[in-house]
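Working notes, structure below.
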Amino acid sequence: MLELEDQIARIRGAWMAGRAAADLTPPAWREAVGQGDGAEAALVALMGQALQVLWRPVPPPLTPRPLLPRLAAPPPPDAARSRIRRILAARRTDAGGARALVLFLAARGYAMHPADWLPRATDDWVPALYAPWQGWVASEPEGAPDDALTLETWDGWPATARRTLLVALRRTDPAAARAIIAAKAAAEPAERRLRLLEVLEQGLSADDAPVLEAFARDRSDRVQALVRMLLARLGRAGDEDGSDAELAQELAQELAAMVELGRIGLLKRRSQLRFRPLKTRPLENRRRELMAVVPLGALARALGVGEMDLVETVPDDHARVLDAFATMVVETASAAAWRALFGLTLQDPDVPTEVAAVLCRRASSGERSAMLTAVLAREPSPTFDGGLAVAGDVLGAADGEFLPRSAGYRELLDLIATPDQTAASPPVVAAGLTNLGLLLDTAAARTVLADCAAAGLSAADPRLDMLSLNLALKPERAT
Amino acid sequence: MALSRSEIEAMAPDQSALKAAAALLKPAKWSSRGMAGGLVWGECQGTGANPYRVAADTVDIGSKCTCPSRKFPCKHAIALMWLHADEPGGFPPSEPPDWVGEWMGRRRKSSGAAVPAAGATTAPKNLDAAVAEPAAAELDVAALEKRRVAAERRAADVRRQVVAGLDDLELWISDQLRTGLGGFLGEMPDRCRRIAARLVDAKAGSLSSRLDELPSRVLRLPPDERVDAAIVELGKLTLVSRAWRAAPDDPELRREVVATETRDDLPGDNGGLRHGALWEVLCEQIATRRDGLVSVSTWLLNTGTDGPRFAVLMDHFPASAGRRSGAFAAGSCFWAELLFYPARVPLRAVIAQRSDAEVRADVPWPEAGAADPLQSYRDALLAAPWLLAAPMVLPSGRIAEDRAGRRWWLDEALALPVEGAVPDIALGAHMDAAAGLWNGARLTLFAARTNWGRVGFDA
């Protein structure tokens, strides 16, 4: 065979250079190739066949990846997968992409089938159950020690698994988690350092302050910003003695000059933060910038009051900066101050849903559910975008009691029942039905499907896919 | 809610459409019929290899069909609504399939029938007239004989032209070798385009298409593999040209060189291969060709133990007709009797008869067979050496990546470089079996059975 290979190489070389190759015909082929006019044609025909069947490709060194690990949650039933693929295809161009669907499945106790969706290593929003797949996607080494995560077993665990284990450890033994983060975070690259320090946000306490302060001058801006935010919640500045502290005070003073603290209420006097009218757009922009960097505590000190005085009532929002203030509170306020504003928002139907959604970033699942119930009841938009933003990962569980009273739902059904209007605003109907499919529990989804059929929407309409999937995915509990 | 006959008459674009629809009223022409609410749907076996998918909304008389007809509504949509009007019981209530849902999502609500142009006269249309049998034309023996002689003369003329075209092709091939393959590779698209145009003039349309696509097949490969790929292509062209000269009436060679016979020209019961089996839809390949046609190939795997292992249903339609939705869902199974085009290795086929029951469950695949998975490929190329590729079933294995990120099919004894999309899951799955197309240089995978279930490679 080696001899034939050599002869074929010579024929190839001759043809590349434009020389006749019939004289180079291998002896075994000579009878078939013959001589004369047709020899070159016969030779190329035989060469073609030989090149196609005689040799196999020689592979370079190949090592298959480890098999994709099984997850703790089961994949959805096969019957539901075609609908899931259709929803994924429809959401490919949406801002959130697959996120809401993945969270919905996780809330129902299912993991996506890997042929339909796999997380990227950089997806920081995926539920913890996908950690083994993220490790696989990032080509992390397989295997894990039998022991729990400790300082001694740290190196044996893949990076994605470490974070999941740390989150669980932080819940049961905050001090142990803190000790591991303090010892190991500094040696990690910036992205992982950030993800490790984020673990401290859960159950943040004064004991965490020394660990956070050690990273106050981290070389990563994002880590620095996270540390500043967490320290602010504990009522501490990152660098209390340096020039940064002076600058922070100046910024807080500048912001304090743009707001005022008034008093409202006849019987029960309470303070209320008001945003002063500003003369120019640049000044308004400046106030927004300041609210993004000044912690709530610093503003309170600049105004000469306590942090809780700023959240005794929902601030007066003629200046339309309540969302910026809510961001300030959710990122930098103490737990008590955040809870105070969250409670006020829960009770006050006039607070925009966007503001409620911002405040929910620090909420537990129970608090989110309560806010979601309140928001759905007052949601005026037929798209229910606000409800989805508030829900976060609390999906597929809202009951449908609010539906008969909901202005947004009424408008949605009106749009469906009036084909001309539906044609004019198809994204509104599609978004509303999909978001309801993500938010509601099974019984409420069934109600909505029945209402849509009564309004004239065909059962085959793909805009009902999410609601139909909701019905098909009974809550599954991992065994 | 069924439409009335008068509504169907009103929506038809003309009487000839009604007449054409009347020929489709036999229930045997239809499969997978169903209805939900005001929607009706069905699959109609037309002249194409793939059945046409037809759906209609009886409320607003909108309809959709995957056939390439420019009439709207087409004869298939009219026939579907006509069948529903005459025999609503033939449409069992059921969950609308995915393709009906997709159509519902895309469509704009409007009147189903095209609005006649202003001033256009509308000829009367009548269902009863459409089903009336035409008066039998008197047989004129002399005219028939005249027609036969003219056809023979035309065929001889075509043969002469093809021979002249093949003379030019063989001269062209020797020119490419004589002037050096280095130059040929550098100017391949232009040179192939010129000889392809000559072959069109010589009535060798199929060979012309093959030459048209040659550069794209070769240029897909890395530069160091292109010389061998060019030699293979030129060698195969020589083989098919010589084979046709030796047997110009051979149907397979005629298909390779001149044109594909129509469905009606297939031998059918007179010697044609028919095989009934449970077929799994492996994948659908859609490619836009240089001649402006879109080619849709539906690859089927015979899950039984006898008969051809693979079949491909192939249709072509103009790219200007817009995107056609596929006729089958990948992974689904259905029983059908296929009628194969005559060939040394039967592969291309049309559906002769199809059972209505679609089996969606995972039907076990047949064993890969011979110890060497490439044996079936070698057998195919021995029987028909002008073939460029052959499908095969691969045994259990993995997909692995080399350092350059190229993917390889890998089992204990074999490693084949993979071409085309490979979903990420395939890199982490163990394949119990796989099916694909091997061309001697690259493996294009269709589908695999894995520890994660079926994985398709046509994404």
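Every chain in the structure tokens has a letter given in the order shown (A, B, ...), and although residue numbers restart at 1 in each chain, ligands are simply numbered from 1 in the order shown.
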
Give the residues of chain B that lie within 7 Å of chain A; count only C-alpha atoms, and format the answer as number ranges by chain.
B: 37, 96, 101-102, 104-105, 174, 177-182, 231-236, 238-239, 378, 385, 398-402, 415-416, 425, 427-429, 440, 455

I need the residues from that last selection saved to file as a PDB file, in the first residue's frame (with C-alpha atoms), if you can.
```
ATOM      1  CA  GLY B  37     -62.019  24.483  15.814  1.00  0.00           C
ATOM      2  CA  PRO B  96     -53.113  20.607  15.571  1.00  0.00           C
ATOM      3  CA  GLY B 101     -49.307  26.050  14.663  1.00  0.00           C
ATOM      4  CA  GLU B 102     -46.386  27.660  12.866  1.00  0.00           C
ATOM      5  CA  MET B 104     -51.124  30.151  12.411  1.00  0.00           C
ATOM      6  CA  GLY B 105     -48.363  32.179  14.014  1.00  0.00           C
ATOM      7  CA  SER B 174      -7.938  16.429 -20.155  1.00  0.00           C
ATOM      8  CA  LEU B 177      -4.914  17.895 -16.274  1.00  0.00           C
ATOM      9  CA  ARG B 178      -2.701  19.059 -19.139  1.00  0.00           C
ATOM     10  CA  THR B 179      -2.578  22.663 -17.965  1.00  0.00           C
ATOM     11  CA  GLY B 180      -2.094  21.743 -14.317  1.00  0.00           C
ATOM     12  CA  LEU B 181      -4.487  21.264 -11.414  1.00  0.00           C
ATOM     13  CA  GLY B 182      -2.859  24.181  -9.616  1.00  0.00           C
ATOM     14  CA  ILE B 231      -9.048  14.525  -8.898  1.00  0.00           C
ATOM     15  CA  VAL B 232     -11.995  12.607  -7.426  1.00  0.00           C
ATOM     16  CA  GLU B 233     -14.491  14.968  -9.064  1.00  0.00           C
ATOM     17  CA  LEU B 234     -12.790  14.832 -12.478  1.00  0.00           C
ATOM     18  CA  GLY B 235     -12.442  11.076 -12.243  1.00  0.00           C
ATOM     19  CA  LYS B 236     -16.116  10.626 -11.413  1.00  0.00           C
ATOM     20  CA  THR B 238     -15.056  10.738 -16.617  1.00  0.00           C
ATOM     21  CA  LEU B 239     -16.673   7.584 -15.225  1.00  0.00           C
ATOM     22  CA  ARG B 378     -17.369   0.636  -0.558  1.00  0.00           C
ATOM     23  CA  PRO B 385     -18.514   4.208  -9.127  1.00  0.00           C
ATOM     24  CA  ARG B 398     -18.289   9.448  20.324  1.00  0.00           C
ATOM     25  CA  ILE B 399     -17.673  12.821  18.727  1.00  0.00           C
ATOM     26  CA  ALA B 400     -14.248  14.154  19.624  1.00  0.00           C
ATOM     27  CA  GLU B 401     -12.439  17.396  18.872  1.00  0.00           C
ATOM     28  CA  ASP B 402      -8.875  17.742  17.709  1.00  0.00           C
ATOM     29  CA  ALA B 415     -12.108   8.051  13.048  1.00  0.00           C
ATOM     30  CA  LEU B 416     -13.887  10.107  10.393  1.00  0.00           C
ATOM     31  CA  ILE B 425     -24.728  17.928  23.304  1.00  0.00           C
ATOM     32  CA  LEU B 427     -19.715  16.282  22.268  1.00  0.00           C
ATOM     33  CA  GLY B 428     -20.894  15.070  25.662  1.00  0.00           C
ATOM     34  CA  ALA B 429     -23.098  12.188  24.595  1.00  0.00           C
ATOM     35  CA  GLY B 440     -14.472   9.647   1.336  1.00  0.00           C
ATOM     36  CA  VAL B 455     -29.903  14.032  18.583  1.00  0.00           C
TER      37      VAL B 455
END
```

Hey, what's within 12 Å of Arg274 of chain A if we count only C-alpha atoms and toss same-chain stuff fewer than 2 positions away? As a PyMOL selection string, please?
chain A and resi 255-264+271-272+276-278+310-311+313-322+325

Members of segment 210-328 of chain B assigned helix (DSSP H, G or I) by DSSP, as an MDAnalysis selection string:
chainID B and resid 210:219 223:246 251:257 263:265 319:321

How many Å separate atom CA of Gly89 of chain B from atom CA of Leu278 of chain B?
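So the two atoms, atom CA of Gly89 of chain B and atom CA of Leu278 of chain B, lie 27.3 Å apart.
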
Compile the contact shell of Ala252 of chain A as a VMD selection string: residues with an atom at most 7 Å away, counting only C-alpha atoms, same-chain residues fewer than 6 positions apart removed.
chain A and resid 294 298 to 299 302

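Every protein, DNA or RNA residue with an atom at most 10 Å from Arg254 of chain B, where only C-alpha atoms count and chain neighbours fewer than 3 positions away do not, is listed here: Ala204, Ser206, Leu207, Val240, Ala243, Trp244, Ala247, Pro248, Asp249, Asp250, Pro251, Val257, Val258, Ala259, Thr260 and Glu261 of chain B.
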
So that I have them on file, write out the residues from the current selection with C-alpha atoms, as a JSON list (two decimals), in the first residue's frame.
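Heads up, here's the output in again-v8.json:
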```json
[["chain", "number", "residue", "atom", "x", "y", "z"],
["B", 204, "ALA", "CA", -26.94, 17.20, -20.32],
["B", 206, "SER", "CA", -27.93, 16.82, -14.65],
["B", 207, "LEU", "CA", -24.24, 16.73, -15.41],
["B", 240, "VAL", "CA", -20.22, 8.78, -15.59],
["B", 243, "ALA", "CA", -20.80, 4.80, -18.53],
["B", 244, "TRP", "CA", -23.54, 6.76, -20.26],
["B", 247, "ALA", "CA", -25.56, 2.45, -21.94],
["B", 248, "PRO", "CA", -27.42, 5.64, -22.87],
["B", 249, "ASP", "CA", -30.81, 4.07, -22.15],
["B", 250, "ASP", "CA", -29.90, 3.06, -18.63],
["B", 251, "PRO", "CA", -32.34, 5.00, -16.45],
["B", 257, "VAL", "CA", -26.34, 12.87, -17.20],
["B", 258, "VAL", "CA", -29.53, 14.18, -18.82],
["B", 259, "ALA", "CA", -32.48, 14.65, -16.48],
["B", 260, "THR", "CA", -34.44, 12.97, -13.75],
["B", 261, "GLU", "CA", -37.52, 11.14, -14.91]]
```
